[in-house]
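Q: Contents are PDB, C-alpha atoms; file name data-v5.pdb:
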```
MODEL        1
ATOM      1  CA  MET G   1       0.000   0.000   0.000
ATOM      2  CA  GLN G   2       1.255   3.455  -0.926
ATOM      3  CA  LYS G   3       1.641   6.191   1.712
ATOM      4  CA  PRO G   4      -0.644   9.219   1.358
ATOM      5  CA  PHE G   5       0.899  12.423   0.006
ATOM      6  CA  ARG G   6       2.166  14.802   2.692
ATOM      7  CA  LEU G   7       3.513  18.298   2.278
ATOM      8  CA  PRO G   8       7.015  18.863   3.602
ATOM      9  CA  SER G   9       6.894  20.038   7.200
ATOM     10  CA  ASN G  10       9.768  22.488   6.836
ATOM     11  CA  ASP G  11       7.815  24.770   4.497
ATOM     12  CA  ALA G  12       7.138  27.974   6.474
ATOM     13  CA  TRP G  13       4.096  28.991   4.400
ATOM     14  CA  ILE G  14       2.388  25.675   5.039
ATOM     15  CA  LYS G  15       3.187  25.723   8.756
ATOM     16  CA  LYS G  16       1.897  29.236   9.188
ATOM     17  CA  GLY G  17      -0.667  29.058   6.415
ATOM     18  CA  PRO G  18      -3.839  29.663   8.391
ATOM     19  CA  SER G  19      -2.411  32.530  10.451
ATOM     20  CA  LEU G  20      -0.836  34.177   7.388
ATOM     21  CA  LEU G  21      -4.077  33.843   5.496
ATOM     22  CA  GLN G  22      -5.984  35.330   8.416
ATOM     23  CA  ASN G  23      -3.555  38.255   8.544
ATOM     24  CA  LEU G  24      -3.967  38.871   4.819
ATOM     25  CA  ILE G  25      -7.743  38.814   5.126
ATOM     26  CA  ARG G  26      -7.539  41.229   8.072
ATOM     27  CA  ILE G  27      -5.243  43.613   6.178
ATOM     28  CA  PHE G  28      -7.333  43.602   3.012
ATOM     29  CA  GLY G  29     -10.462  44.020   5.108
ATOM     30  CA  LYS G  30      -9.095  47.325   6.412
ATOM     31  CA  LEU G  31      -8.450  48.649   2.917
ATOM     32  CA  ASN G  32     -12.147  49.211   2.352
ATOM     33  CA  GLY G  33     -12.098  52.034   4.898
ATOM     34  CA  PHE G  34      -9.583  53.984   2.825
ATOM     35  CA  GLU G  35     -11.352  53.969  -0.536
ATOM     36  CA  GLU G  36     -12.397  57.626  -0.271
ATOM     37  CA  GLN G  37      -8.927  58.842   0.669
ATOM     38  CA  TYR G  38      -7.346  56.723  -2.067
ATOM     39  CA  ALA G  39      -9.680  58.182  -4.677
ATOM     40  CA  ALA G  40      -8.794  61.723  -3.559
ATOM     41  CA  VAL G  41      -5.057  61.048  -3.640
ATOM     42  CA  LYS G  42      -5.349  59.406  -7.037
ATOM     43  CA  ARG G  43      -7.253  62.447  -8.308
ATOM     44  CA  TRP G  44      -4.644  64.807  -6.861
ATOM     45  CA  ALA G  45      -1.801  62.866  -8.469
ATOM     46  CA  LEU G  46      -2.920  63.916 -11.958
ATOM     47  CA  PRO G  47      -1.733  67.554 -11.701
ATOM     48  CA  ILE G  48       1.547  66.388 -10.150
ATOM     49  CA  HIS G  49       2.148  64.076 -13.120
ATOM     50  CA  HIS G  50       1.404  66.972 -15.460
ATOM     51  CA  VAL G  51       3.914  69.168 -13.605
ATOM     52  CA  ALA G  52       6.540  66.439 -13.959
ATOM     53  CA  GLU G  53       5.852  66.174 -17.704
ATOM     54  CA  ILE G  54       6.098  69.930 -18.164
ATOM     55  CA  LEU G  55       9.321  70.287 -16.160
ATOM     56  CA  ASN G  56      10.978  67.229 -17.682
ATOM     57  CA  PRO G  57      14.027  68.563 -19.545
ATOM     58  CA  ASP G  58      14.110  68.179 -23.284
ATOM     59  CA  VAL G  59      16.386  69.444 -26.052
ATOM     60  CA  ASP G  60      13.833  71.826 -27.562
ATOM     61  CA  LYS G  61      12.402  73.270 -24.341
ATOM     62  CA  ARG G  62      12.928  76.929 -23.523
ATOM     63  CA  SER G  63      12.112  78.747 -20.318
ATOM     64  CA  GLU G  64       9.361  80.824 -21.965
ATOM     65  CA  THR G  65       7.442  77.783 -23.173
ATOM     66  CA  VAL G  66       7.851  75.880 -19.904
ATOM     67  CA  ARG G  67       6.767  78.949 -17.929
ATOM     68  CA  PHE G  68       3.715  79.346 -20.189
ATOM     69  CA  HIS G  69       2.718  75.688 -19.810
ATOM     70  CA  MET G  70       3.174  75.819 -16.027
ATOM     71  CA  GLN G  71       1.012  78.942 -15.811
ATOM     72  CA  GLN G  72      -1.683  77.251 -17.917
ATOM     73  CA  LEU G  73      -1.520  74.163 -15.711
ATOM     74  CA  LEU G  74      -1.872  76.210 -12.520
ATOM     75  CA  ASN G  75      -4.879  78.018 -14.004
ATOM     76  CA  TRP G  76      -6.404  74.673 -15.007
ATOM     77  CA  VAL G  77      -5.850  73.239 -11.507
ATOM     78  CA  GLU G  78      -7.469  76.285  -9.863
ATOM     79  CA  HIS G  79     -10.517  76.043 -12.144
ATOM     80  CA  THR G  80     -10.852  72.243 -12.118
ATOM     81  CA  TYR G  81     -10.209  71.382  -8.472
ATOM     82  CA  THR G  82     -12.813  73.645  -6.874
ATOM     83  CA  SER G  83     -14.373  71.406  -4.231
ATOM     84  CA  GLU G  84     -13.711  72.007  -0.542
ATOM     85  CA  GLU G  85     -11.579  68.878  -0.092
ATOM     86  CA  ASP G  86      -9.363  69.913  -3.049
ATOM     87  CA  LYS G  87      -8.448  73.299  -1.563
ATOM     88  CA  PRO G  88      -5.417  72.059   0.443
ATOM     89  CA  MET G  89      -3.909  70.401  -2.638
ATOM     90  CA  VAL G  90      -4.484  73.472  -4.816
ATOM     91  CA  ALA G  91      -3.065  75.814  -2.171
ATOM     92  CA  ASN G  92      -0.036  73.565  -1.637
ATOM     93  CA  LEU G  93       0.720  73.223  -5.353
ATOM     94  CA  THR G  94       0.260  76.945  -5.947
ATOM     95  CA  SER G  95       2.365  78.081  -2.993
ATOM     96  CA  TYR G  96       5.238  75.697  -3.737
ATOM     97  CA  THR G  97       5.266  76.617  -7.402
ATOM     98  CA  ARG G  98       5.106  80.356  -6.689
ATOM     99  CA  GLY G  99       7.873  79.978  -4.111
ATOM    100  CA  PHE G 100      10.241  78.452  -6.678
ATOM    101  CA  TRP G 101       8.872  80.358  -9.684
ATOM    102  CA  LYS G 102      11.762  82.808 -10.042
ATOM    103  CA  GLY G 103      14.475  80.162 -10.470
ATOM    104  CA  LEU G 104      12.349  77.290 -11.707
ATOM    105  CA  PHE G 105      13.004  77.821 -15.405
ATOM    106  CA  THR G 106      16.672  78.879 -15.465
ATOM    107  CA  CYS G 107      17.982  75.443 -16.419
ATOM    108  CA  TYR G 108      16.162  75.492 -19.757
ATOM    109  CA  ASP G 109      18.094  78.504 -21.061
ATOM    110  CA  HIS G 110      21.433  77.765 -19.361
ATOM    111  CA  PRO G 111      22.533  74.134 -19.840
ATOM    112  CA  HIS G 112      25.311  74.473 -17.232
ATOM    113  CA  VAL G 113      22.734  75.074 -14.497
ATOM    114  CA  PRO G 114      21.402  71.758 -13.131
ATOM    115  CA  ARG G 115      17.647  71.262 -12.948
ATOM    116  CA  THR G 116      17.838  69.968  -9.373
ATOM    117  CA  ASN G 117      20.326  70.286  -6.547
ATOM    118  CA  ASN G 118      20.261  66.567  -5.776
ATOM    119  CA  ASP G 119      23.957  66.134  -6.586
ATOM    120  CA  HIS G 120      24.878  68.916  -4.158
ATOM    121  CA  GLU G 121      22.663  67.442  -1.466
ATOM    122  CA  ARG G 122      24.299  64.018  -1.890
ATOM    123  CA  PHE G 123      27.748  65.590  -1.718
ATOM    124  CA  PHE G 124      26.939  67.456   1.530
ATOM    125  CA  ARG G 125      25.372  64.355   3.044
ATOM    126  CA  ARG G 126      28.479  62.321   2.198
ATOM    127  CA  THR G 127      30.704  65.059   3.696
ATOM    128  CA  LYS G 128      28.639  65.246   6.881
ATOM    129  CA  THR G 129      28.656  61.456   7.214
ATOM    130  CA  ARG G 130      32.447  61.331   6.897
ATOM    131  CA  HIS G 131      32.823  64.066   9.496
ATOM    132  CA  ARG G 132      30.522  62.218  11.904
ATOM    133  CA  ARG G 133      32.496  59.004  11.446
ATOM    134  CA  MET G 134      35.826  60.761  12.017
ATOM    135  CA  THR G 135      34.835  62.832  15.054
ATOM    136  CA  GLY G 136      31.799  61.109  16.506
ATOM    137  CA  LEU G 137      30.075  64.494  16.668
ATOM    138  CA  ARG G 138      26.639  65.006  15.228
ATOM    139  CA  SER G 139      27.022  68.716  14.457
ATOM    140  CA  TRP G 140      29.482  69.797  11.815
ATOM    141  CA  ASN G 141      28.958  73.568  12.190
ATOM    142  CA  GLU G 142      32.291  74.195  13.961
ATOM    143  CA  TYR G 143      34.071  72.012  11.411
ATOM    144  CA  ILE G 144      32.681  74.133   8.552
ATOM    145  CA  LEU G 145      33.450  77.420  10.337
ATOM    146  CA  ARG G 146      36.991  76.319  11.157
ATOM    147  CA  SER G 147      37.936  74.691   7.849
ATOM    148  CA  GLY G 148      35.623  76.455   5.403
ATOM    149  CA  GLU G 149      36.128  75.676   1.743
ATOM    150  CA  MET G 150      38.955  73.263   2.516
ATOM    151  CA  VAL G 151      36.303  70.796   3.739
ATOM    152  CA  VAL G 152      34.715  70.794   0.318
ATOM    153  CA  PHE G 153      38.059  70.673  -1.502
ATOM    154  CA  VAL G 154      39.426  67.805   0.594
ATOM    155  CA  ASP G 155      36.182  65.839   0.493
ATOM    156  CA  ASP G 156      35.783  66.317  -3.256
ATOM    157  CA  ALA G 157      39.368  65.175  -3.904
ATOM    158  CA  SER G 158      38.960  62.116  -1.692
ATOM    159  CA  ALA G 159      35.671  61.265  -3.359
ATOM    160  CA  ARG G 160      37.346  61.382  -6.783
ATOM    161  CA  MET G 161      40.165  59.177  -5.548
ATOM    162  CA  MET G 162      37.702  56.607  -4.181
ATOM    163  CA  SER G 163      35.655  56.372  -7.371
TER     164      SER G 163
ENDMDL
END
```
Could you show the structure in this file as structure tokens?
A:
Amino acid sequence: MQKPFRLPSNDAWIKKGPSLLQNLIRIFGKLNGFEEQYAAVKRWALPIHHVAEILNPDVDKRSETVRFHMQQLLNWVEHTYTSEEDKPMVANLTSYTRGFWKGLFTCYDHPHVPRTNNDHERFFRRTKTRHRRMTGLRSWNEYILRSGEMVVFVDDASARMMS
């Protein structure tokens, strides 16, 4: 007589199957309470995607055209998203855009100007991390005041040597 088929006992999913399944059912059961918020966030993501498309650098883009398209988009957002629950998103988008408006379009006319400062932020983070590892101090203010531009020069040279 042949033995009945048995699943291997060392399989974690099988061992914890019922409790994992119960956890999944519990988690997905809670998602129903967030349908309204999800719909609002999904609706609000549309203007953000449009902003990203407009600001995406391209060979033929000039600051005048990008500025014009951004202004048209902001007008569209203000006229389209008029309900009470949309007001925080509209105010946030408008205030952030207006806050950066003056320098937002410079990179399209001057190719040497980067579109974002992400590279600078990474460089400063790397410099701060190295300082913290060397000294054990969290603050690097005194280090910058004492050493000034030499910090940047030394860190940049060491970064080039390491890469």
Q: Taking all atoms listed in the file into account, which of G:Val51, G:Met89, G:Leu20, G:Leu145 comes nearest G:His69?
A: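 Going through G:Val51, G:Met89, G:Leu20, G:Leu145 one by one, the smallest distance to G:His69 is for G:Val51.
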Q: Rank G:Arg125, G:Lys87, G:Arg98, G:Lys61 by their smallest atom-to-atom distance to G:Leu74, using only C-alpha atoms, and report the top residue only.
A: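 Counting only C-alpha atoms, the residue closest to G:Leu74 is G:Arg98.
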Q: So how far away is atom CA of G:Ser147 from atom CA of G:Thr116, in Å?
A: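 Separation of atom CA of G:Thr116 and atom CA of G:Ser147: 26.9 Å.
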Q: Identify, on the basis of only C-alpha atoms, every residue whose closest approach to stretch 91-96 of chain G does not exceed 10 Å; exclude the query and any residue fewer than 5 positions from it along the same chain; express the result as number ranges by chain.
A: G: 47-48, 51, 74-75, 77-78, 86, 101
Q: What does the distance between atom CA of G:Arg67 and atom CA of G:Gly99 come to in Å, to one decimal place?
A: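 Those two atoms sit 13.9 Å apart.
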Q: List the neighbours of G:Glu85 out to 12 Å using all atoms listed in the file; skip same-chain residues closer than 2 positions along the sequence, and give me the result as a PyMOL selection string.
A: chain G and resi 36-37+39-41+43-44+81-83+87-91
Q: To one decimal in Å, tell me the separation between atom CA of G:Ile25 and atom CA of G:Lys42.
A: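 One can read the atom CA of G:Ile25 to atom CA of G:Lys42 distance as 24.0 Å.
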Q: Find the residue from G:Met134, G:Arg26, G:Thr127, G:Pro57 that sits nearest to G:His110; use all atoms listed in the file when measuring.
A: G:Pro57
Q: Just the residues within 12 Å of G:Tyr143, please, counting only C-alpha atoms, with nothing from its chain fewer than 3 positions along; format it as a ChimeraX atom specification.
A: /G:127-128,130-132,134-135,137-140,146-152
Q: Using all atoms listed in the file, which of G:Leu24, G:Gly29, G:Phe100, G:Phe124 sits nearest G:Ile144?
A: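 Among the listed residues, the smallest separation from G:Ile144 belongs to G:Phe124.
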